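Dumped upload_0.tsv below, it's TSV, C-alpha atoms:
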```tsv
chain	number	residue	atom	x	y	z
A	1	MET	CA	-21.45	28.51	-18.16
A	2	SER	CA	-19.13	25.55	-18.48
A	3	GLN	CA	-19.79	22.75	-20.92
A	4	LEU	CA	-21.15	19.49	-19.51
A	5	THR	CA	-18.77	16.66	-20.39
A	6	GLY	CA	-19.39	12.96	-19.79
A	7	ASN	CA	-17.45	13.00	-16.52
A	8	ARG	CA	-19.26	16.09	-15.22
A	9	ILE	CA	-22.62	14.55	-16.05
A	10	LEU	CA	-21.66	11.36	-14.18
A	11	ASN	CA	-20.39	13.36	-11.20
A	12	ALA	CA	-23.66	15.30	-11.12
A	13	LEU	CA	-25.69	12.09	-11.30
A	14	TYR	CA	-23.70	10.48	-8.49
A	15	GLY	CA	-24.17	13.61	-6.38
A	16	LEU	CA	-27.91	13.76	-6.98
A	17	LEU	CA	-28.43	10.05	-6.44
A	18	SER	CA	-26.18	9.63	-3.40
A	19	GLY	CA	-29.20	8.71	-1.28
A	20	LEU	CA	-29.59	5.37	-3.08
A	21	ASP	CA	-28.82	2.13	-1.25
A	22	ALA	CA	-25.82	-0.05	-2.23
A	23	THR	CA	-27.85	-2.29	-4.56
A	24	ASP	CA	-29.26	0.68	-6.50
A	25	ARG	CA	-25.84	2.37	-6.69
A	26	ALA	CA	-24.26	-0.80	-8.08
A	27	LEU	CA	-27.01	-1.06	-10.69
A	28	LEU	CA	-26.59	2.61	-11.63
A	29	SER	CA	-22.82	2.14	-12.02
A	30	ARG	CA	-23.37	-0.76	-14.43
A	31	VAL	CA	-26.05	1.10	-16.40
A	32	VAL	CA	-23.92	4.20	-16.99
A	33	GLY	CA	-20.84	2.14	-17.84
A	34	GLY	CA	-18.72	3.21	-14.90
A	35	LYS	CA	-15.71	1.00	-15.78
A	36	PHE	CA	-12.61	2.05	-17.67
A	37	LYS	CA	-9.03	0.88	-18.22
A	38	THR	CA	-5.60	2.46	-18.20
A	39	ARG	CA	-2.18	0.99	-19.05
A	40	VAL	CA	1.49	1.50	-18.32
A	41	ALA	CA	4.59	0.01	-19.96
A	42	LEU	CA	7.43	-1.37	-17.82
A	43	GLY	CA	10.70	-2.51	-19.32
A	44	ASP	CA	14.21	-3.60	-18.45
A	45	ARG	CA	15.73	-3.53	-21.97
A	46	GLY	CA	16.36	-7.25	-21.72
A	47	ALA	CA	18.68	-6.96	-18.69
A	48	THR	CA	18.29	-9.39	-15.80
A	49	ALA	CA	19.44	-7.04	-13.01
A	50	THR	CA	17.53	-3.90	-14.09
A	51	SER	CA	14.41	-3.15	-12.07
A	52	ALA	CA	11.72	-0.72	-13.21
A	53	PRO	CA	11.27	1.98	-10.55
A	54	ALA	CA	7.85	3.18	-9.36
A	55	THR	CA	6.41	4.91	-12.42
A	56	PRO	CA	3.40	7.23	-11.95
A	57	PHE	CA	0.89	6.66	-14.78
A	58	PHE	CA	-2.61	7.67	-13.67
A	59	THR	CA	-3.90	10.46	-11.42
A	60	ASN	CA	-7.54	10.42	-10.40
A	61	ASP	CA	-8.94	13.76	-11.54
A	62	GLU	CA	-12.54	12.50	-11.75
A	63	GLY	CA	-13.66	14.33	-8.60
A	64	VAL	CA	-14.95	11.06	-7.09
A	65	SER	CA	-13.26	7.95	-5.74
A	66	LEU	CA	-12.40	5.08	-8.09
A	67	ARG	CA	-11.95	1.41	-7.16
A	68	VAL	CA	-9.34	-0.82	-8.80
A	69	THR	CA	-11.23	-4.00	-9.72
A	70	ALA	CA	-8.59	-5.83	-11.78
A	71	ALA	CA	-4.97	-5.61	-12.86
A	72	LYS	CA	-3.36	-7.76	-15.56
A	73	LEU	CA	0.19	-8.17	-16.74
A	74	LEU	CA	1.08	-8.92	-20.35
A	75	THR	CA	4.71	-9.85	-20.96
A	76	PRO	CA	6.57	-10.36	-24.27
A	77	THR	CA	8.67	-13.12	-22.66
A	78	THR	CA	7.72	-15.98	-20.34
A	79	ILE	CA	8.67	-15.29	-16.72
A	80	ALA	CA	9.29	-18.60	-14.97
A	81	PRO	CA	8.85	-18.88	-11.20
A	82	GLY	CA	11.94	-18.83	-9.03
A	83	ALA	CA	12.44	-18.93	-5.27
A	84	THR	CA	15.41	-16.53	-5.38
A	85	HIS	CA	15.67	-15.10	-8.89
A	86	ASN	CA	12.29	-13.49	-9.48
A	87	VAL	CA	10.48	-10.21	-10.05
A	88	ALA	CA	7.74	-8.50	-8.06
A	89	PHE	CA	5.28	-6.37	-10.03
A	90	VAL	CA	3.53	-3.88	-7.76
A	91	LEU	CA	0.69	-1.47	-8.41
A	92	ASP	CA	0.55	1.09	-5.61
A	93	LYS	CA	-1.11	4.40	-4.87
A	94	VAL	CA	0.18	7.64	-3.34
A	95	ASP	CA	-1.56	10.85	-2.31
A	96	SER	CA	-1.09	14.21	-4.04
A	97	ALA	CA	2.09	14.81	-2.03
A	98	GLY	CA	3.56	11.48	-3.17
A	99	ALA	CA	3.25	10.04	0.34
A	100	ASN	CA	1.03	7.59	2.25
A	101	GLY	CA	1.58	4.85	-0.30
A	102	ALA	CA	-0.17	1.51	-0.21
A	103	THR	CA	0.02	-1.57	-2.42
A	104	VAL	CA	-3.17	-2.01	-4.46
A	105	ALA	CA	-2.23	-5.13	-6.48
A	106	SER	CA	0.82	-7.38	-6.92
A	107	TYR	CA	2.30	-10.47	-8.53
A	108	THR	CA	5.65	-12.07	-7.71
A	109	SER	CA	7.20	-14.66	-10.00
A	110	ASP	CA	8.12	-16.93	-7.11
A	111	VAL	CA	6.91	-20.51	-6.72
A	112	ALA	CA	3.59	-19.39	-5.18
A	113	GLY	CA	2.99	-16.72	-7.84
A	114	GLY	CA	3.59	-19.09	-10.73
A	115	THR	CA	4.52	-18.47	-14.35
A	116	ALA	CA	3.64	-15.42	-16.41
A	117	THR	CA	3.44	-16.85	-19.94
A	118	ALA	CA	4.42	-14.65	-22.87
A	119	ASP	CA	1.47	-12.93	-24.56
A	120	VAL	CA	-1.06	-14.38	-22.06
A	121	PRO	CA	-2.62	-12.00	-19.51
A	122	LYS	CA	-1.55	-12.75	-15.92
A	123	ALA	CA	-3.85	-11.44	-13.19
A	124	LEU	CA	-2.30	-9.56	-10.30
A	125	THR	CA	-3.81	-10.07	-6.87
A	126	VAL	CA	-5.90	-6.98	-6.09
A	127	VAL	CA	-6.55	-5.99	-2.49
A	128	GLY	CA	-10.29	-6.52	-2.32
A	129	GLY	CA	-13.29	-7.19	-0.20
A	130	THR	CA	-14.39	-4.24	1.87
A	131	SER	CA	-10.85	-2.86	2.03
A	132	THR	CA	-10.36	0.79	1.10
A	133	VAL	CA	-6.82	0.05	-0.12
A	134	ALA	CA	-8.08	-0.59	-3.66
A	135	VAL	CA	-9.94	2.75	-3.62
A	136	LEU	CA	-8.20	5.65	-5.33
A	137	ALA	CA	-9.44	8.94	-3.86
A	138	SER	CA	-9.60	12.05	-5.98
A	139	GLY	CA	-6.09	13.48	-6.43
A	140	TRP	CA	-4.32	10.19	-5.71
A	141	THR	CA	-1.94	8.59	-8.23
A	142	LEU	CA	-1.34	5.01	-9.34
A	143	ARG	CA	2.25	3.84	-9.84
A	144	ALA	CA	3.69	0.62	-11.21
A	145	SER	CA	7.06	-0.99	-10.53
A	146	ALA	CA	8.99	-4.19	-11.16
A	147	THR	CA	11.59	-5.07	-8.51
A	148	LYS	CA	13.95	-7.97	-9.11
A	149	GLY	CA	15.18	-10.41	-6.48
A	150	GLY	CA	18.46	-12.32	-6.66
A	151	SER	CA	20.09	-11.81	-10.04
A	152	GLY	CA	16.65	-11.10	-11.45
A	153	VAL	CA	14.84	-12.25	-14.55
A	154	ILE	CA	14.19	-10.66	-17.92
A	155	ILE	CA	10.74	-9.04	-18.15
A	156	SER	CA	10.97	-7.61	-21.67
A	157	ASP	CA	12.71	-8.66	-24.85
A	158	GLY	CA	14.74	-5.47	-25.23
A	159	GLU	CA	12.21	-3.90	-27.57
A	160	ALA	CA	8.70	-4.70	-26.32
A	161	PRO	CA	7.97	-3.82	-22.67
A	162	CYS	CA	5.59	-5.49	-20.23
A	163	ILE	CA	2.17	-3.90	-20.15
A	164	LEU	CA	0.24	-3.53	-16.91
A	165	GLU	CA	-3.47	-2.92	-17.52
A	166	VAL	CA	-5.67	-1.66	-14.70
A	167	THR	CA	-9.49	-1.74	-14.66
A	168	MET	CA	-11.29	0.76	-12.43
A	169	GLU	CA	-14.86	1.72	-11.71
A	170	TYR	CA	-16.56	4.50	-9.82
A	171	ASP	CA	-16.63	3.59	-6.13
A	172	VAL	CA	-20.32	3.90	-5.42
```

Could the structure of this file be written out as C-alpha cells, please?
Amino acid sequence: MSQLTGNRILNALYGLLSGLDATDRALLSRVVGGKFKTRVALGDRGATATSAPATPFFTNDEGVSLRVTAAKLLTPTTIAPGATHNVAFVLDKVDSAGANGATVASYTSDVAGGTATADVPKALTVVGGTSTVAVLASGWTLRASATKGGSGVIISDGEAPCILEVTMEYDV
C-alpha cells in the first residue's frame, strides 16, 4: 500500500467532493490551503542585448489542474519604460510535448507597462476571468522568458538575476 502524502490526500478529497457547487469548492480550497508559489531566476549578466530564452521551471505533477492567480517580478535594477528599447517578460505554458503554448502572464517595460523599480515587486498581467489560459493541466509546464526590443535594457546587475514568482491554486 502506498503512503498517503499531502498531495495524495488533497487529490482524494477533491475526487470525493467533486459534486460540490462552485461556492463550496472555493471554500474547501481556502480551508485546505490550496495555494502555493514557485520561482524562477532570469538573467542577462548585465548585458543590454542579451535576452533570456524560454526557461522551463515548473511541471504540474499534482494530478489535478492548477490555476495561476498571480505573477510578480522582482528585479535588482530599475527597468525604466521605453517605447523602443524595452523588455517583455512572459510566463507561458506548454503541454507535455512542448507544444500548444499559450501566454499565461506578461509585463512589457514600454510606456503602457510602466517602470519596474529595483527590489519592489511588479505584478505581471495574468490572463484571468473565466479563461482557461491561466489553467495549467496535469503534465503541462510553465516557462519564463525575457525578450528585449530595440537595443534592450539591463534586467540584472551581472550578479543578481530577476526573480519571477508565480502563485497557483488548485483549479476547483

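Nearest to Asn60 in chain A of all the residues A:Thr38, A:Gly128, A:Ser109, A:Ala160 is A:Thr38, based on all atoms listed in the file.
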
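Nearest to Lys37 in chain A of all the residues A:Asp110, A:Arg67, A:Thr77, A:Pro53 is A:Arg67, based on only C-alpha atoms.
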
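If you measure from each of A:Gly43, A:Pro161, A:Gly63, A:Gly149 to Asn86 in chain A using only C-alpha atoms, the closest one turns out to be A:Gly149.
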
Quick one: residues within 8 Å of Ser145 in chain A, all atoms listed in the file counted, chain neighbours fewer than 6 positions away excluded, as a PyMOL selection string?
-> chain A and resi 42+51-55+88-91

Excluding Lys35 in chain A and residues on its chain fewer than 6 positions from it, collect all residues at most 10 Å away from it, counting all atoms listed in the file, and give them as a VMD selection string.
-> chain A and resid 29 66 to 69 167 to 170

C-alpha atoms of the current selection, written as a PDB file, in the coordinates of the input:
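Saved to part.pdb:
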```pdb
ATOM      1  CA  SER A  29     -22.820   2.140 -12.020  1.00  0.00           C
ATOM      2  CA  LEU A  66     -12.400   5.080  -8.090  1.00  0.00           C
ATOM      3  CA  ARG A  67     -11.950   1.410  -7.160  1.00  0.00           C
ATOM      4  CA  VAL A  68      -9.340  -0.820  -8.800  1.00  0.00           C
ATOM      5  CA  THR A  69     -11.230  -4.000  -9.720  1.00  0.00           C
ATOM      6  CA  THR A 167      -9.490  -1.740 -14.660  1.00  0.00           C
ATOM      7  CA  MET A 168     -11.290   0.760 -12.430  1.00  0.00           C
ATOM      8  CA  GLU A 169     -14.860   1.720 -11.710  1.00  0.00           C
ATOM      9  CA  TYR A 170     -16.560   4.500  -9.820  1.00  0.00           C
TER      10      TYR A 170
END
```

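Here the question is which of A:Ala118, A:Leu142, A:Val127, A:Ala41 gets nearest to Ala99 in chain A using only C-alpha atoms, and that residue is A:Leu142.
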
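Straight-line separation from CA of Phe57 in chain A to CA of Pro121 in chain A: 19.6 Å.
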
Padding 8 Å on each side, edges along x, y and z: where is the centre of the box around the listed atoms of range 138-156 of chain A, and how long are its edges in Å to one decimal? Output it as JSON.
```
{"center_x": 5.2, "center_y": 0.6, "center_z": -13.7, "size_x": 45.7, "size_y": 41.8, "size_z": 32.0}
```

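The gap separating CA of Leu74 in chain A from CA of Lys122 in chain A is 6.4 Å, in Å to one decimal.
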
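Each of A:His85, A:Val111, A:Glu62, A:Ile163 was checked against Thr48 in chain A using all atoms listed in the file; the smallest atom-to-atom distance is that of A:His85.
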
Selected residue, from A:Val166, A:Thr117, A:Ser151, A:Phe36, that lies nearest to Asp92 in chain A when counting only C-alpha atoms = A:Val166

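Picture a line from CA of Ser131 in chain A to CA of Gly114 in chain A; it runs 25.2 Å.
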